[in-house]
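Q: Quick one: this structure, given as structure tokens, is what I'll be asking you about.
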Amino acid sequence: MGDDNLNIPSIALEVLPTVHLAQRCAERNISPVELNAAIKYGTRTEGQARNGRRTWLFSYGGVTYVTDYSMQIGITSWAEQCWGFDIEKVPISQQMKDSHNEALERALDHSTWNSHAVIVVDQSGSMRKTDATKGVTRSDLVWLCLAVDYVGKRLRSGEATSRDYVSLVELGGNYDSILKEQPLDWILYNRIIDVMRSLCPYGHGKYLPAIKKAQELLSTNKSGKCALQLVFLTDGIPSDHPCQEECKYQACNQIASLACRFGSRLTVGGFAVGVEQYATLNAMVKTAEEYNCKGFLMEASLNVEDLSSAFHSMSTLMTETKTTMTDFK
């Protein structure tokens with residue numbers, strides 16, 4: 001503990017929790033003991049709330065704890081990304097860099113693409129929950145499996161090459177593309193690890209702006225030879241509209257527009273991470289199937305083995321789609 005923290009008043013060790021703090025701690029499996037440890041032993045930095053008021057942030061043992069400036073009222077808390085585990089990045093040789101740059105240049109010719117997967121990753125506040133394997137956050141678990149299972153294992157098996165392209169869209173935050181039309185290679189693997197280490201889930205998870213962004217990305221390649229995939233990785237119901245039926249109706253309309261345009265070229269699927277309700281996601285998949293698209297909804301637990309197995313099944317579907325399209329060339 002630095003000298004700056006010696007000025008913490010003793011009363012700060014018995015802060016008054018707000019209802020919001022209690023709710024976030026319950027959602028994220030953070031105990032009062034961890035909060036007390038953070039304020040007593042952690043690193044203190046000054047912050048600012050959304051309303052402009054000054055706050056204090058205490059970080060210790062993978063937990064960040066926010067209080068008001070008097071350090072008498074607890075505001076919120078969250079688990080830090082990648083706490084308790086990490087994953088090594090792959091050393092990138094000059095040959096790998098050259099191949100990556102060639103793939104980016106080749107991407108201008110859409111007829112050379114084997115596939116384009118647009119993966120929408122939930123980064124709403126609930127993805128900070130630390131109820132996944134070994135107490136990691138749901139967000140970390142998803143990024144980990146995306147890097148290791150969807151990219152790493154497929155590269156090693158030969159199921160995917162740099163002629164397969166990937167775009168990542170954030171479900172939450174600004175609903176923009178995190179990575180756009182990147183060749184599936186070891187550089188992509190490393191970039192996903194970088195995202196895992198840096199991106200912090202917060203706010204609401206709205207399906208409609210994420211689907212709109214995915215539509216834009218999927219529509220860039222008009223070549224009939226390119227297999228398309230739209231995948232949602234989420235842990236809960238959308239928060240676009242107070243009425244879930246209205247949200248489901250609008251989301252299905254957006255999916256119908258895509259499915260009608262691309263037909264059997266398109267696979268639409270979702271990973272239900274956890275035990276929440278997925279009526280909207282299920283309806284989206286069913287809508288796609290009505291237009292001769294492949295569809296899947298995989299309910300995975302918060303164990304890394306289950307999510308890894310679900311990613312393997314998704315990879316198999318993509319391989320089957322590419323094989324089918326090759327047969328019709």
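Just so we're on the same page: first chain in the structure tokens is A, next is B, and so on; residues restart at 1 for each chain, and ligands are numbered from 1 in the order they show up.
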Using only C-alpha atoms, which protein or nucleic acid residues come within 9 Å of stretch 286-291 of chain A? Drop anything in the same chain fewer than 5 positions from it, and give the result as a PDB file with C-alpha atoms, in the first residue's frame.
A:
```
ATOM      1  CA  CYS A 252     -36.672 -11.189 -36.351  1.00  0.00           C
ATOM      2  CA  ASN A 253     -37.559  -8.709 -39.081  1.00  0.00           C
ATOM      3  CA  ILE A 255     -32.837 -11.358 -39.524  1.00  0.00           C
ATOM      4  CA  ALA A 256     -35.534 -12.115 -42.135  1.00  0.00           C
ATOM      5  CA  LEU A 258     -30.682 -10.855 -44.156  1.00  0.00           C
ATOM      6  CA  ALA A 259     -31.857 -14.444 -44.592  1.00  0.00           C
ATOM      7  CA  CYS A 260     -34.044 -13.559 -47.557  1.00  0.00           C
ATOM      8  CA  PHE A 262     -28.446 -14.639 -48.646  1.00  0.00           C
ATOM      9  CA  GLY A 263     -30.427 -17.872 -48.262  1.00  0.00           C
ATOM     10  CA  SER A 264     -28.305 -21.008 -47.885  1.00  0.00           C
ATOM     11  CA  LEU A 266     -25.890 -17.770 -44.449  1.00  0.00           C
ATOM     12  CA  THR A 267     -25.693 -19.556 -41.104  1.00  0.00           C
ATOM     13  CA  VAL A 268     -27.296 -17.818 -38.122  1.00  0.00           C
ATOM     14  CA  LEU A 281     -32.309 -15.360 -29.791  1.00  0.00           C
ATOM     15  CA  PHE A 296     -28.253 -23.307 -34.369  1.00  0.00           C
TER      16      PHE A 296
END
```
Q: Which of these residues is nearest to A:Lys212, using only C-alpha atoms: A:Ser257, A:Asn36, A:Ser162, A:Ser198?
A: A:Ser257
Q: Determine which residues of stretch 48-170 of chain A receive a DSSP assignment of alpha helix (DSSP H), computed from the backbone, and state them as number ranges by chain.
A: A: 94-106, 138-145, 153-157
Q: Taking N, CA and C atoms for each residue, export the selection above as a tab-separated table (two decimals), in the first residue's frame.
A:
```
chain	number	residue	atom	x	y	z
A	94	GLN	N	8.18	-12.99	-39.18
A	94	GLN	CA	8.06	-12.09	-40.32
A	94	GLN	C	7.24	-12.75	-41.42
A	95	GLN	N	7.39	-14.04	-41.59
A	95	GLN	CA	6.60	-14.76	-42.59
A	95	GLN	C	5.11	-14.68	-42.28
A	96	MET	N	4.75	-14.79	-40.99
A	96	MET	CA	3.34	-14.66	-40.59
A	96	MET	C	2.83	-13.25	-40.90
A	97	LYS	N	3.65	-12.25	-40.64
A	97	LYS	CA	3.25	-10.87	-40.93
A	97	LYS	C	3.04	-10.67	-42.42
A	98	ASP	N	3.97	-11.21	-43.23
A	98	ASP	CA	3.85	-11.07	-44.68
A	98	ASP	C	2.59	-11.76	-45.19
A	99	SER	N	2.31	-12.96	-44.69
A	99	SER	CA	1.11	-13.70	-45.10
A	99	SER	C	-0.16	-12.94	-44.70
A	100	HIS	N	-0.13	-12.33	-43.51
A	100	HIS	CA	-1.28	-11.55	-43.04
A	100	HIS	C	-1.51	-10.36	-43.97
A	101	ASN	N	-0.47	-9.65	-44.32
A	101	ASN	CA	-0.61	-8.48	-45.20
A	101	ASN	C	-1.09	-8.89	-46.59
A	102	GLU	N	-0.60	-10.03	-47.07
A	102	GLU	CA	-1.07	-10.53	-48.36
A	102	GLU	C	-2.56	-10.84	-48.32
A	103	ALA	N	-3.01	-11.43	-47.18
A	103	ALA	CA	-4.43	-11.76	-47.03
A	103	ALA	C	-5.29	-10.49	-47.00
A	104	LEU	N	-4.78	-9.43	-46.39
A	104	LEU	CA	-5.51	-8.17	-46.36
A	104	LEU	C	-5.63	-7.57	-47.76
A	105	GLU	N	-4.54	-7.67	-48.53
A	105	GLU	CA	-4.58	-7.18	-49.92
A	105	GLU	C	-5.52	-8.02	-50.76
A	106	ARG	N	-5.45	-9.35	-50.55
A	106	ARG	CA	-6.30	-10.26	-51.31
A	106	ARG	C	-7.78	-10.05	-50.98
A	138	ARG	N	-17.63	-13.88	-17.21
A	138	ARG	CA	-18.26	-14.47	-18.40
A	138	ARG	C	-17.60	-13.94	-19.67
A	139	SER	N	-17.27	-12.66	-19.66
A	139	SER	CA	-16.63	-12.05	-20.82
A	139	SER	C	-15.30	-12.72	-21.12
A	140	ASP	N	-14.47	-12.91	-20.10
A	140	ASP	CA	-13.18	-13.56	-20.30
A	140	ASP	C	-13.34	-14.97	-20.86
A	141	LEU	N	-14.34	-15.69	-20.35
A	141	LEU	CA	-14.58	-17.06	-20.81
A	141	LEU	C	-14.90	-17.09	-22.30
A	142	VAL	N	-15.74	-16.16	-22.74
A	142	VAL	CA	-16.13	-16.11	-24.15
A	142	VAL	C	-14.94	-15.77	-25.04
A	143	TRP	N	-14.17	-14.74	-24.65
A	143	TRP	CA	-13.01	-14.36	-25.47
A	143	TRP	C	-11.98	-15.48	-25.51
A	144	LEU	N	-11.79	-16.15	-24.38
A	144	LEU	CA	-10.83	-17.25	-24.31
A	144	LEU	C	-11.18	-18.36	-25.30
A	145	CYS	N	-12.45	-18.78	-25.29
A	145	CYS	CA	-12.87	-19.86	-26.18
A	145	CYS	C	-12.88	-19.40	-27.64
A	153	LYS	N	-7.66	-23.75	-32.69
A	153	LYS	CA	-7.85	-25.15	-33.04
A	153	LYS	C	-8.17	-25.33	-34.51
A	154	ARG	N	-8.91	-24.39	-35.10
A	154	ARG	CA	-9.26	-24.52	-36.52
A	154	ARG	C	-8.04	-24.30	-37.41
A	155	LEU	N	-7.14	-23.41	-36.98
A	155	LEU	CA	-5.91	-23.22	-37.75
A	155	LEU	C	-5.04	-24.47	-37.70
A	156	ARG	N	-4.95	-25.08	-36.51
A	156	ARG	CA	-4.11	-26.27	-36.37
A	156	ARG	C	-4.66	-27.46	-37.14
A	157	SER	N	-6.00	-27.57	-37.20
A	157	SER	CA	-6.62	-28.71	-37.89
A	157	SER	C	-6.72	-28.51	-39.39
```
Q: Please determine, counting only C-alpha atoms, which residue among A:Thr55, A:Asn174, A:Thr161, A:Thr64 has the shortest atom-to-atom distance to A:Tyr41.
A: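 Among the listed residues, the smallest separation from A:Tyr41 belongs to A:Thr64.
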Q: Could you pull out the residues in stretch 149-295 of chain A that DSSP calls strand (DSSP E) from the backbone, as an MDAnalysis selection string?
A: chainID A and resid 164:171 177:183 227:234 266:273 294:295
Q: Could you turn the residues from that selection into a file that holds N, CA, C and O atoms, as a CSV table (one decimal), in the first residue's frame?
A:
```csv
chain,number,residue,atom,x,y,z
A,164,ASP,N,-10.4,-17.3,-44.9
A,164,ASP,CA,-11.6,-17.1,-44.1
A,164,ASP,C,-11.4,-15.8,-43.3
A,164,ASP,O,-10.4,-15.6,-42.7
A,165,TYR,N,-12.5,-15.0,-43.3
A,165,TYR,CA,-12.4,-13.7,-42.7
A,165,TYR,C,-13.4,-13.6,-41.5
A,165,TYR,O,-14.4,-14.2,-41.5
A,166,VAL,N,-13.0,-12.8,-40.5
A,166,VAL,CA,-13.7,-12.6,-39.3
A,166,VAL,C,-13.9,-11.1,-39.0
A,166,VAL,O,-13.0,-10.3,-39.1
A,167,SER,N,-15.1,-10.8,-38.6
A,167,SER,CA,-15.4,-9.5,-38.0
A,167,SER,C,-16.0,-9.6,-36.6
A,167,SER,O,-16.9,-10.5,-36.4
A,168,LEU,N,-15.7,-8.8,-35.7
A,168,LEU,CA,-16.2,-8.9,-34.3
A,168,LEU,C,-17.0,-7.6,-34.1
A,168,LEU,O,-16.5,-6.5,-34.3
A,169,VAL,N,-18.2,-7.8,-33.6
A,169,VAL,CA,-19.1,-6.6,-33.2
A,169,VAL,C,-19.4,-6.6,-31.7
A,169,VAL,O,-19.7,-7.7,-31.2
A,170,GLU,N,-19.3,-5.5,-31.1
A,170,GLU,CA,-19.6,-5.4,-29.7
A,170,GLU,C,-21.1,-5.2,-29.5
A,170,GLU,O,-21.7,-4.3,-30.0
A,171,LEU,N,-21.7,-6.1,-28.7
A,171,LEU,CA,-23.1,-6.0,-28.2
A,171,LEU,C,-23.1,-5.3,-26.9
A,171,LEU,O,-22.9,-5.9,-25.8
A,177,SER,N,-17.8,-2.2,-34.8
A,177,SER,CA,-17.0,-3.4,-35.0
A,177,SER,C,-15.6,-3.3,-34.3
A,177,SER,O,-15.0,-2.2,-34.3
A,178,ILE,N,-15.3,-4.3,-33.5
A,178,ILE,CA,-14.1,-4.3,-32.8
A,178,ILE,C,-12.9,-4.7,-33.7
A,178,ILE,O,-11.9,-4.1,-33.7
A,179,LEU,N,-13.2,-5.6,-34.6
A,179,LEU,CA,-12.2,-6.0,-35.6
A,179,LEU,C,-13.1,-6.2,-36.9
A,179,LEU,O,-14.2,-6.7,-36.9
A,180,LYS,N,-12.5,-5.7,-38.0
A,180,LYS,CA,-13.3,-5.8,-39.3
A,180,LYS,C,-12.6,-6.5,-40.4
A,180,LYS,O,-11.4,-6.2,-40.7
A,181,GLU,N,-13.2,-7.6,-40.8
A,181,GLU,CA,-12.7,-8.3,-42.0
A,181,GLU,C,-11.3,-8.7,-41.9
A,181,GLU,O,-10.4,-8.4,-42.8
A,182,GLN,N,-10.9,-9.4,-40.8
A,182,GLN,CA,-9.6,-9.8,-40.5
A,182,GLN,C,-9.4,-11.3,-41.0
A,182,GLN,O,-10.2,-12.1,-40.7
A,183,PRO,N,-8.3,-11.6,-41.6
A,183,PRO,CA,-8.0,-13.0,-42.0
A,183,PRO,C,-7.9,-13.8,-40.8
A,183,PRO,O,-7.3,-13.4,-39.8
A,227,ALA,N,-19.2,-18.3,-48.0
A,227,ALA,CA,-20.1,-18.7,-47.0
A,227,ALA,C,-20.2,-17.6,-45.9
A,227,ALA,O,-19.1,-17.0,-45.5
A,228,LEU,N,-21.4,-17.3,-45.4
A,228,LEU,CA,-21.5,-16.3,-44.4
A,228,LEU,C,-22.0,-16.8,-43.1
A,228,LEU,O,-22.8,-17.8,-43.1
A,229,GLN,N,-21.6,-16.2,-42.0
A,229,GLN,CA,-22.0,-16.7,-40.7
A,229,GLN,C,-22.3,-15.5,-39.7
A,229,GLN,O,-21.4,-14.6,-39.6
A,230,LEU,N,-23.4,-15.5,-39.1
A,230,LEU,CA,-23.7,-14.5,-38.1
A,230,LEU,C,-24.0,-15.2,-36.8
A,230,LEU,O,-24.9,-16.0,-36.6
A,231,VAL,N,-23.1,-14.9,-35.8
A,231,VAL,CA,-23.2,-15.6,-34.5
A,231,VAL,C,-23.3,-14.7,-33.3
A,231,VAL,O,-22.5,-13.7,-33.3
A,232,PHE,N,-24.2,-15.0,-32.4
A,232,PHE,CA,-24.3,-14.2,-31.2
A,232,PHE,C,-23.8,-14.9,-30.0
A,232,PHE,O,-24.2,-16.1,-29.8
A,233,LEU,N,-22.9,-14.3,-29.2
A,233,LEU,CA,-22.5,-14.8,-27.9
A,233,LEU,C,-23.0,-13.9,-26.8
A,233,LEU,O,-22.5,-12.8,-26.6
A,234,THR,N,-24.0,-14.4,-26.1
A,234,THR,CA,-24.7,-13.6,-25.1
A,234,THR,C,-25.1,-14.4,-23.9
A,234,THR,O,-25.3,-15.6,-24.0
A,266,LEU,N,-26.0,-18.3,-45.8
A,266,LEU,CA,-25.9,-17.8,-44.4
A,266,LEU,C,-26.2,-18.8,-43.4
A,266,LEU,O,-27.2,-19.5,-43.5
A,267,THR,N,-25.4,-18.8,-42.3
A,267,THR,CA,-25.7,-19.6,-41.1
A,267,THR,C,-25.9,-18.6,-40.0
A,267,THR,O,-25.1,-17.6,-39.8
A,268,VAL,N,-27.0,-18.7,-39.2
A,268,VAL,CA,-27.3,-17.8,-38.1
A,268,VAL,C,-27.4,-18.7,-36.9
A,268,VAL,O,-28.1,-19.7,-36.8
A,269,GLY,N,-26.6,-18.3,-35.9
A,269,GLY,CA,-26.6,-19.0,-34.6
A,269,GLY,C,-26.3,-18.2,-33.4
A,269,GLY,O,-26.0,-17.0,-33.5
A,270,GLY,N,-26.4,-18.9,-32.3
A,270,GLY,CA,-26.2,-18.2,-31.0
A,270,GLY,C,-25.7,-19.1,-29.9
A,270,GLY,O,-26.0,-20.3,-30.0
A,271,PHE,N,-24.9,-18.6,-29.1
A,271,PHE,CA,-24.4,-19.3,-27.9
A,271,PHE,C,-25.1,-18.7,-26.7
A,271,PHE,O,-24.9,-17.5,-26.4
A,272,ALA,N,-25.9,-19.5,-26.0
A,272,ALA,CA,-26.6,-19.0,-24.8
A,272,ALA,C,-25.7,-19.3,-23.6
A,272,ALA,O,-25.6,-20.5,-23.1
A,273,VAL,N,-24.9,-18.3,-23.1
A,273,VAL,CA,-23.9,-18.5,-22.1
A,273,VAL,C,-24.6,-18.3,-20.7
A,273,VAL,O,-25.0,-17.2,-20.3
A,294,LYS,N,-29.0,-22.2,-42.5
A,294,LYS,CA,-28.7,-23.1,-41.4
A,294,LYS,C,-28.8,-22.3,-40.1
A,294,LYS,O,-28.4,-21.1,-40.1
A,295,GLY,N,-29.3,-22.9,-39.1
A,295,GLY,CA,-29.4,-22.2,-37.8
A,295,GLY,C,-29.0,-23.1,-36.6
A,295,GLY,O,-29.2,-24.4,-36.7
```
Q: So, with only C-alpha atoms as the atoms that count, which of A:Ser223, A:Asn51, A:Ser239, A:Thr43 lies closest to A:Ser124?
A: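 Under the stated criterion, the closest residue is A:Ser239.
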Q: Can you measure atom CA of A:Cys247 to atom CA of A:Met298 for me? One decimal in Å is fine.
A: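 For atom CA of A:Cys247 relative to atom CA of A:Met298, the distance reads 21.1 Å.
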Q: So what do you get for atom CA of A:Gln244 versus atom CA of A:Gly172, distance-wise?
A: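 Taking atom CA of A:Gln244 as the start and atom CA of A:Gly172 as the end point, the length is 17.4 Å.
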Q: Rounded to one decimal place, report the atom CA of A:Cys226-atom CA of A:Ser111 distance in Å.
A: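 Result for atom CA of A:Cys226 versus atom CA of A:Ser111: 7.3 Å, one decimal.
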